[in-house]
Amino acid sequence: MSVLGLGRMGSALATALVGEGYEVTVWNRSEDKPTPANTTRVKTPEEAFKSDVVVTCLSTYDAQQPLLTNEIKTLVNLTSGTPEQARATARWAKDNGVEYVDGVIMAVPQQIGTPQARILFSGNENHHVLDAFGEPFHVGEDAGLAALYDLALLGIMWATFGGYLQAVALMGTEGIAPEQFTPMAADWLNELGAMLPEMGAETRSKSYETDVSALDINVSGLRMLTDANREQGLDTTIPQALHDLFERAQRSGHGAHSIASVIEEIRK
Ligand code: NDP
């Protein structure tokens with residue numbers, strides 16, 4: 001087995017392979033990254049391609065693409081990218097006689113090698129090497145699907161973290177510490193998570209009638225949130241962007257509809 005990339009994630013992957021008893025060769029562009037215990041460090045990617053399986057985990061596809069050659073036998077690509085980048089790499093692999101496994105890692109390096117590390121993979125190929133990293137989960141035959149799931153889930157994460165940090169900053173302007181506020185925020189997130197199935201169903205049926213909360217009232221709320229952040233001396237990028245999007249949906253005639261109707265504006 002070889003691992004290309006000894007960043008935070010690549011190092012964790014190499015260490016997990018060693019833990020499973022594999023002989024592991026590693027390569028990294030810069031020499032300053034430490035060599036994971038019990039691995040063999042090589043100076044060029046080509047030396048790593050002698051292994052039956054090459055696992056790549058570099059920062060981006062742009063970083064990895066120039067390294068790939070048809071000397072590779074099986075490529076297990078765990079670098080994050082867009083669906084189209086994954087499909088292009090799958091096409092390249094097919095054209096060059098390279099076995100190709102496309103995966104994404106839904107975990108932090110500290111979880112690698114535990115059941116908490118979910119590894120989503122797509123395409124026609126599986127490889128048992130993924131078992132060493134966590135819980136593999138096949139999301140479909142199209143090679144771009146793992147990347148699509150990855151970015152969709154990360155989008156929820158970034159939006160949530162952005163909202164949380166804005167809230168912590170807002171509470172902080174009145175001297176309320178994160179420790180005091182965060183348990184309430186975490187409970188709130190659990191409640192919101194429980195609402196997603198119904199919202200998802202509404203986007204599918206496109207029936208947005210509501211007796212819960214109309215878009216009109218949420219647009220007013222987002223205006224208040226934006227004003228409050230400004231009044232308290234904070235950046236308003238996040239609430240303003242949400243306000244503007246929701247308001248556009250309102251102007252398109254969804255004022256009396258549920259929040260789920262905003263998807264019509266997103267899909268435009
Ligand atoms: P790091 O920044 O820790 O490491 C980046 C790696 O990419 C390093 O090995 C770096 O080499 C290499 N690299 C960057 N540019 C080039 C280049 N032009 N040529 C050759 N090598 C290059 O990132 P992570 O390890 O955290 O992330 C790696 C991948 O894993 C990413 O695609 C990321 O999205 C994904 N991932 C990471 C998670 C995390 O929690 N860390 C979670 C899930 C997925 P050098 O040392 O020479 O700079």
# chains A, B, ... in the order shown; residues from 1 in each chain; ligands from 1
>>> residues_near_ligand(ligand="ligand 1", cutoff="10 Å", atoms="only C-alpha atoms and all ligand atoms", output="PyMOL selection string")
chain A and resi 3-13+27-34+45+56-67+77-81+103-112+117-119+150-151+154
>>> residues_around(residues="A:Ala88", least_positions_apart="2", cutoff="12 Å", atoms="only C-alpha atoms", output="JSON, numbers by chain")
{"A": [61, 65, 81, 82, 83, 84, 85, 86, 90, 91, 92, 93, 94, 95, 100, 102, 142, 143, 144]}
>>> closest_residue(among="A:Gly193, A:Gly134, A:Gly253, A:Gly175", to="A:Phe121", atoms="only C-alpha atoms")
A:Gly134
>>> residues_around(residues="stretch 203-217 of chain A", least_positions_apart="6", cutoff="10 Å", atoms="only C-alpha atoms", output="ChimeraX atom specification")
/A:223,246-247,249-251,253-264
>>> atom_distance(atom1="atom CA of A:Trp158", atom2="atom CA of A:Leu245")
17.2 Å
>>> atom_distance(atom1="atom CA of A:Gly155", atom2="atom CA of A:Glu265")
17.3 Å
>>> select_by_dssp(residues="stretch 67-238 of chain A", states="strand (DSSP E)", output="MDAnalysis selection string")
chainID A and resid 74:77 99:106 118:122 135:140
>>> write_last_selection(atoms="C-alpha atoms", output="mmCIF file, in the first residue's frame")
data_model
loop_
_atom_site.group_PDB
_atom_site.id
_atom_site.type_symbol
_atom_site.label_atom_id
_atom_site.label_comp_id
_atom_site.auth_asym_id
_atom_site.auth_seq_id
_atom_site.Cartn_x
_atom_site.Cartn_y
_atom_site.Cartn_z
ATOM 1 C CA THR A 74 -5.188 0.725 -8.307
ATOM 2 C CA LEU A 75 -5.909 4.316 -7.297
ATOM 3 C CA VAL A 76 -7.970 4.930 -4.154
ATOM 4 C CA ASN A 77 -8.698 8.632 -4.408
ATOM 5 C CA GLU A 99 -8.439 0.508 -11.313
ATOM 6 C CA TYR A 100 -10.225 3.418 -9.663
ATOM 7 C CA VAL A 101 -11.990 3.793 -6.319
ATOM 8 C CA ASP A 102 -13.449 7.199 -5.534
ATOM 9 C CA GLY A 103 -14.120 8.067 -1.905
ATOM 10 C CA VAL A 104 -14.598 10.947 0.471
ATOM 11 C CA ILE A 105 -13.974 11.038 4.182
ATOM 12 C CA MET A 106 -16.769 12.247 6.452
ATOM 13 C CA ARG A 118 -17.749 7.192 7.528
ATOM 14 C CA ILE A 119 -16.083 6.758 4.127
ATOM 15 C CA LEU A 120 -18.516 7.415 1.281
ATOM 16 C CA PHE A 121 -17.500 5.833 -2.003
ATOM 17 C CA SER A 122 -18.998 5.804 -5.488
ATOM 18 C CA GLU A 135 -17.147 2.468 7.797
ATOM 19 C CA PRO A 136 -17.360 2.410 3.985
ATOM 20 C CA PHE A 137 -20.755 3.292 2.486
ATOM 21 C CA HIS A 138 -21.535 2.967 -1.235
ATOM 22 C CA VAL A 139 -23.546 5.942 -2.515
ATOM 23 C CA GLY A 140 -23.963 4.928 -6.164
#
>>> atom_distance(atom1="atom CA of A:Met195", atom2="atom CA of A:Thr160")
14.8 Å
>>> residues_around(residues="A:Val129", least_positions_apart="3", cutoff="8 Å", atoms="only C-alpha atoms", output="PyMOL selection string")
chain A and resi 17+132-133
>>> select_by_dssp(residues="stretch 15-198 of chain A", states="alpha helix (DSSP H)", output="PyMOL selection string")
chain A and resi 15-19+45-48+61-64+83-95+145-172+178-198
>>> residues_around(residues="stretch 235-238 of chain A", least_positions_apart="5", cutoff="8 Å", atoms="only C-alpha atoms", output="PyMOL selection string")
chain A and resi 162-163+166+226+229-230
>>> write_last_selection(atoms="N, CA and C atoms", output="mmCIF file, in the first residue's frame")
data_model
loop_
_atom_site.group_PDB
_atom_site.id
_atom_site.type_symbol
_atom_site.label_atom_id
_atom_site.label_comp_id
_atom_site.auth_asym_id
_atom_site.auth_seq_id
_atom_site.Cartn_x
_atom_site.Cartn_y
_atom_site.Cartn_z
ATOM 1 N N GLY A 162 -21.215 28.649 10.623
ATOM 2 C CA GLY A 162 -21.262 30.103 10.423
ATOM 3 C C GLY A 162 -22.344 30.725 11.290
ATOM 4 N N GLY A 163 -23.523 30.091 11.313
ATOM 5 C CA GLY A 163 -24.633 30.595 12.124
ATOM 6 C C GLY A 163 -24.316 30.552 13.605
ATOM 7 N N GLN A 166 -21.769 33.308 14.464
ATOM 8 C CA GLN A 166 -22.455 34.608 14.484
ATOM 9 C C GLN A 166 -23.218 34.763 15.805
ATOM 10 N N THR A 226 -30.386 40.855 11.238
ATOM 11 C CA THR A 226 -29.347 41.650 10.564
ATOM 12 C C THR A 226 -29.177 42.992 11.286
ATOM 13 N N ASN A 229 -27.421 42.551 14.701
ATOM 14 C CA ASN A 229 -25.972 42.341 14.573
ATOM 15 C C ASN A 229 -25.260 43.661 14.255
ATOM 16 N N ARG A 230 -25.890 44.465 13.373
ATOM 17 C CA ARG A 230 -25.282 45.756 13.027
ATOM 18 C C ARG A 230 -25.250 46.668 14.255
#
>>> closest_residue(among="A:Asn70, A:Gly123, A:Ala169, A:Gln116", to="A:Ala147", atoms="only C-alpha atoms")
A:Gly123
>>> decode(residues="stretch 84-238 of chain A", atoms="C-alpha atoms", output="PDB file, in the first residue's frame")
ATOM      1  CA  GLU A  84     -16.949  16.694 -12.184  1.00  0.00           C
ATOM      2  CA  GLN A  85     -13.348  16.418 -10.953  1.00  0.00           C
ATOM      3  CA  ALA A  86     -14.080  12.924  -9.621  1.00  0.00           C
ATOM      4  CA  ARG A  87     -15.730  11.887 -12.920  1.00  0.00           C
ATOM      5  CA  ALA A  88     -12.794  13.257 -14.938  1.00  0.00           C
ATOM      6  CA  THR A  89     -10.358  11.254 -12.786  1.00  0.00           C
ATOM      7  CA  ALA A  90     -12.518   8.128 -13.223  1.00  0.00           C
ATOM      8  CA  ARG A  91     -12.448   8.660 -17.009  1.00  0.00           C
ATOM      9  CA  TRP A  92      -8.673   9.184 -16.912  1.00  0.00           C
ATOM     10  CA  ALA A  93      -8.268   5.965 -14.898  1.00  0.00           C
ATOM     11  CA  LYS A  94     -10.430   3.975 -17.352  1.00  0.00           C
ATOM     12  CA  ASP A  95      -8.516   5.323 -20.353  1.00  0.00           C
ATOM     13  CA  ASN A  96      -5.204   4.466 -18.686  1.00  0.00           C
ATOM     14  CA  GLY A  97      -6.066   0.978 -17.408  1.00  0.00           C
ATOM     15  CA  VAL A  98      -5.948   2.063 -13.758  1.00  0.00           C
ATOM     16  CA  GLU A  99      -8.439   0.508 -11.313  1.00  0.00           C
ATOM     17  CA  TYR A 100     -10.225   3.418  -9.663  1.00  0.00           C
ATOM     18  CA  VAL A 101     -11.990   3.793  -6.319  1.00  0.00           C
ATOM     19  CA  ASP A 102     -13.449   7.199  -5.534  1.00  0.00           C
ATOM     20  CA  GLY A 103     -14.120   8.067  -1.905  1.00  0.00           C
ATOM     21  CA  VAL A 104     -14.598  10.947   0.471  1.00  0.00           C
ATOM     22  CA  ILE A 105     -13.974  11.038   4.182  1.00  0.00           C
ATOM     23  CA  MET A 106     -16.769  12.247   6.452  1.00  0.00           C
ATOM     24  CA  ALA A 107     -14.597  12.363   9.566  1.00  0.00           C
ATOM     25  CA  VAL A 108     -11.706  14.181  11.180  1.00  0.00           C
ATOM     26  CA  PRO A 109      -8.227  12.596  11.251  1.00  0.00           C
ATOM     27  CA  GLN A 110      -8.615  11.583  14.905  1.00  0.00           C
ATOM     28  CA  GLN A 111     -11.592   9.342  13.976  1.00  0.00           C
ATOM     29  CA  ILE A 112      -9.773   7.442  11.194  1.00  0.00           C
ATOM     30  CA  GLY A 113      -9.607   3.716  11.959  1.00  0.00           C
ATOM     31  CA  THR A 114     -12.750   3.848  14.120  1.00  0.00           C
ATOM     32  CA  PRO A 115     -16.391   3.072  13.206  1.00  0.00           C
ATOM     33  CA  GLN A 116     -17.133   6.811  13.585  1.00  0.00           C
ATOM     34  CA  ALA A 117     -15.226   7.501  10.347  1.00  0.00           C
ATOM     35  CA  ARG A 118     -17.749   7.192   7.528  1.00  0.00           C
ATOM     36  CA  ILE A 119     -16.083   6.758   4.127  1.00  0.00           C
ATOM     37  CA  LEU A 120     -18.516   7.415   1.281  1.00  0.00           C
ATOM     38  CA  PHE A 121     -17.500   5.833  -2.003  1.00  0.00           C
ATOM     39  CA  SER A 122     -18.998   5.804  -5.488  1.00  0.00           C
ATOM     40  CA  GLY A 123     -18.382   4.141  -8.826  1.00  0.00           C
ATOM     41  CA  ASN A 124     -18.221   0.476  -9.734  1.00  0.00           C
ATOM     42  CA  GLU A 125     -15.239  -0.439  -7.624  1.00  0.00           C
ATOM     43  CA  ASN A 126     -14.905  -1.111  -3.927  1.00  0.00           C
ATOM     44  CA  HIS A 127     -11.657  -1.886  -2.209  1.00  0.00           C
ATOM     45  CA  HIS A 128     -11.169  -3.567   1.147  1.00  0.00           C
ATOM     46  CA  VAL A 129      -8.547  -0.926   1.977  1.00  0.00           C
ATOM     47  CA  LEU A 130     -11.437   1.405   2.858  1.00  0.00           C
ATOM     48  CA  ASP A 131     -12.320  -0.914   5.778  1.00  0.00           C
ATOM     49  CA  ALA A 132      -9.040   0.097   7.433  1.00  0.00           C
ATOM     50  CA  PHE A 133     -10.133   3.732   7.520  1.00  0.00           C
ATOM     51  CA  GLY A 134     -13.654   3.425   8.960  1.00  0.00           C
ATOM     52  CA  GLU A 135     -17.147   2.468   7.797  1.00  0.00           C
ATOM     53  CA  PRO A 136     -17.360   2.410   3.985  1.00  0.00           C
ATOM     54  CA  PHE A 137     -20.755   3.292   2.486  1.00  0.00           C
ATOM     55  CA  HIS A 138     -21.535   2.967  -1.235  1.00  0.00           C
ATOM     56  CA  VAL A 139     -23.546   5.942  -2.515  1.00  0.00           C
ATOM     57  CA  GLY A 140     -23.963   4.928  -6.164  1.00  0.00           C
ATOM     58  CA  GLU A 141     -22.354   3.889  -9.428  1.00  0.00           C
ATOM     59  CA  ASP A 142     -21.633   7.375 -10.797  1.00  0.00           C
ATOM     60  CA  ALA A 143     -18.059   8.247  -9.758  1.00  0.00           C
ATOM     61  CA  GLY A 144     -19.093  11.828  -8.959  1.00  0.00           C
ATOM     62  CA  LEU A 145     -21.664  10.907  -6.314  1.00  0.00           C
ATOM     63  CA  ALA A 146     -19.339  10.621  -3.310  1.00  0.00           C
ATOM     64  CA  ALA A 147     -18.077  14.158  -4.006  1.00  0.00           C
ATOM     65  CA  LEU A 148     -21.671  15.373  -4.374  1.00  0.00           C
ATOM     66  CA  TYR A 149     -22.691  13.893  -0.985  1.00  0.00           C
ATOM     67  CA  ASP A 150     -19.505  15.255   0.579  1.00  0.00           C
ATOM     68  CA  LEU A 151     -20.085  18.839  -0.563  1.00  0.00           C
ATOM     69  CA  ALA A 152     -23.818  18.753   0.258  1.00  0.00           C
ATOM     70  CA  LEU A 153     -23.110  17.574   3.817  1.00  0.00           C
ATOM     71  CA  LEU A 154     -20.207  19.989   4.254  1.00  0.00           C
ATOM     72  CA  GLY A 155     -22.471  22.786   3.029  1.00  0.00           C
ATOM     73  CA  ILE A 156     -24.812  22.046   5.946  1.00  0.00           C
ATOM     74  CA  MET A 157     -21.813  21.984   8.286  1.00  0.00           C
ATOM     75  CA  TRP A 158     -20.376  25.322   7.087  1.00  0.00           C
ATOM     76  CA  ALA A 159     -23.768  27.056   7.169  1.00  0.00           C
ATOM     77  CA  THR A 160     -24.402  25.714  10.684  1.00  0.00           C
ATOM     78  CA  PHE A 161     -20.961  26.634  11.988  1.00  0.00           C
ATOM     79  CA  GLY A 162     -21.262  30.103  10.423  1.00  0.00           C
ATOM     80  CA  GLY A 163     -24.633  30.595  12.124  1.00  0.00           C
ATOM     81  CA  TYR A 164     -23.272  29.339  15.436  1.00  0.00           C
ATOM     82  CA  LEU A 165     -20.232  31.639  15.349  1.00  0.00           C
ATOM     83  CA  GLN A 166     -22.455  34.608  14.484  1.00  0.00           C
ATOM     84  CA  ALA A 167     -24.660  33.709  17.472  1.00  0.00           C
ATOM     85  CA  VAL A 168     -21.678  33.352  19.822  1.00  0.00           C
ATOM     86  CA  ALA A 169     -20.413  36.755  18.684  1.00  0.00           C
ATOM     87  CA  LEU A 170     -23.857  38.294  19.201  1.00  0.00           C
ATOM     88  CA  MET A 171     -24.215  36.813  22.709  1.00  0.00           C
ATOM     89  CA  GLY A 172     -20.648  37.882  23.454  1.00  0.00           C
ATOM     90  CA  THR A 173     -21.500  41.537  22.800  1.00  0.00           C
ATOM     91  CA  GLU A 174     -23.563  41.355  26.021  1.00  0.00           C
ATOM     92  CA  GLY A 175     -20.934  39.402  27.956  1.00  0.00           C
ATOM     93  CA  ILE A 176     -22.637  36.003  27.664  1.00  0.00           C
ATOM     94  CA  ALA A 177     -19.925  33.328  27.388  1.00  0.00           C
ATOM     95  CA  PRO A 178     -20.019  30.487  24.826  1.00  0.00           C
ATOM     96  CA  GLU A 179     -20.161  27.934  27.679  1.00  0.00           C
ATOM     97  CA  GLN A 180     -23.377  29.508  28.902  1.00  0.00           C
ATOM     98  CA  PHE A 181     -25.027  29.668  25.486  1.00  0.00           C
ATOM     99  CA  THR A 182     -23.768  26.535  23.694  1.00  0.00           C
ATOM    100  CA  PRO A 183     -25.863  23.857  25.482  1.00  0.00           C
ATOM    101  CA  MET A 184     -29.012  25.720  24.441  1.00  0.00           C
ATOM    102  CA  ALA A 185     -27.670  26.008  20.874  1.00  0.00           C
ATOM    103  CA  ALA A 186     -26.902  22.271  20.720  1.00  0.00           C
ATOM    104  CA  ASP A 187     -30.425  21.346  21.904  1.00  0.00           C
ATOM    105  CA  TRP A 188     -31.843  23.753  19.327  1.00  0.00           C
ATOM    106  CA  LEU A 189     -29.838  22.061  16.556  1.00  0.00           C
ATOM    107  CA  ASN A 190     -31.265  18.676  17.569  1.00  0.00           C
ATOM    108  CA  GLU A 191     -34.784  20.070  17.307  1.00  0.00           C
ATOM    109  CA  LEU A 192     -34.033  21.603  13.914  1.00  0.00           C
ATOM    110  CA  GLY A 193     -32.558  18.304  12.685  1.00  0.00           C
ATOM    111  CA  ALA A 194     -35.855  16.605  13.517  1.00  0.00           C
ATOM    112  CA  MET A 195     -37.652  19.060  11.182  1.00  0.00           C
ATOM    113  CA  LEU A 196     -35.595  18.167   8.096  1.00  0.00           C
ATOM    114  CA  PRO A 197     -37.574  15.100   6.900  1.00  0.00           C
ATOM    115  CA  GLU A 198     -40.778  17.132   6.672  1.00  0.00           C
ATOM    116  CA  MET A 199     -39.007  20.016   4.944  1.00  0.00           C
ATOM    117  CA  GLY A 200     -37.399  17.598   2.485  1.00  0.00           C
ATOM    118  CA  ALA A 201     -40.824  16.075   1.728  1.00  0.00           C
ATOM    119  CA  GLU A 202     -42.246  19.553   1.049  1.00  0.00           C
ATOM    120  CA  THR A 203     -39.480  20.331  -1.456  1.00  0.00           C
ATOM    121  CA  ARG A 204     -40.309  17.079  -3.242  1.00  0.00           C
ATOM    122  CA  SER A 205     -44.098  17.532  -3.339  1.00  0.00           C
ATOM    123  CA  LYS A 206     -43.760  21.307  -3.900  1.00  0.00           C
ATOM    124  CA  SER A 207     -46.733  21.818  -1.585  1.00  0.00           C
ATOM    125  CA  TYR A 208     -45.720  24.677   0.648  1.00  0.00           C
ATOM    126  CA  GLU A 209     -48.981  25.403   2.488  1.00  0.00           C
ATOM    127  CA  THR A 210     -48.226  26.012   6.153  1.00  0.00           C
ATOM    128  CA  ASP A 211     -49.990  26.618   9.437  1.00  0.00           C
ATOM    129  CA  VAL A 212     -46.650  26.731  11.279  1.00  0.00           C
ATOM    130  CA  SER A 213     -44.555  29.668  10.079  1.00  0.00           C
ATOM    131  CA  ALA A 214     -44.908  31.660   6.863  1.00  0.00           C
ATOM    132  CA  LEU A 215     -41.946  32.995   4.895  1.00  0.00           C
ATOM    133  CA  ASP A 216     -43.198  36.582   5.501  1.00  0.00           C
ATOM    134  CA  ILE A 217     -42.552  36.309   9.234  1.00  0.00           C
ATOM    135  CA  ASN A 218     -39.115  34.746   8.659  1.00  0.00           C
ATOM    136  CA  VAL A 219     -38.084  37.570   6.304  1.00  0.00           C
ATOM    137  CA  SER A 220     -39.026  40.044   9.080  1.00  0.00           C
ATOM    138  CA  GLY A 221     -37.038  37.946  11.558  1.00  0.00           C
ATOM    139  CA  LEU A 222     -33.971  37.944   9.329  1.00  0.00           C
ATOM    140  CA  ARG A 223     -34.233  41.730   8.964  1.00  0.00           C
ATOM    141  CA  MET A 224     -34.319  42.000  12.794  1.00  0.00           C
ATOM    142  CA  LEU A 225     -31.347  39.635  13.108  1.00  0.00           C
ATOM    143  CA  THR A 226     -29.347  41.650  10.564  1.00  0.00           C
ATOM    144  CA  ASP A 227     -30.227  44.942  12.304  1.00  0.00           C
ATOM    145  CA  ALA A 228     -29.390  43.527  15.737  1.00  0.00           C
ATOM    146  CA  ASN A 229     -25.972  42.341  14.573  1.00  0.00           C
ATOM    147  CA  ARG A 230     -25.282  45.756  13.027  1.00  0.00           C
ATOM    148  CA  GLU A 231     -26.473  47.585  16.164  1.00  0.00           C
ATOM    149  CA  GLN A 232     -24.171  45.418  18.277  1.00  0.00           C
ATOM    150  CA  GLY A 233     -21.212  46.307  16.017  1.00  0.00           C
ATOM    151  CA  LEU A 234     -20.867  42.939  14.217  1.00  0.00           C
ATOM    152  CA  ASP A 235     -20.386  41.863  10.607  1.00  0.00           C
ATOM    153  CA  THR A 236     -23.749  41.151   8.934  1.00  0.00           C
ATOM    154  CA  THR A 237     -22.663  39.094   5.890  1.00  0.00           C
ATOM    155  CA  ILE A 238     -24.397  35.875   6.966  1.00  0.00           C
TER     156      ILE A 238
END
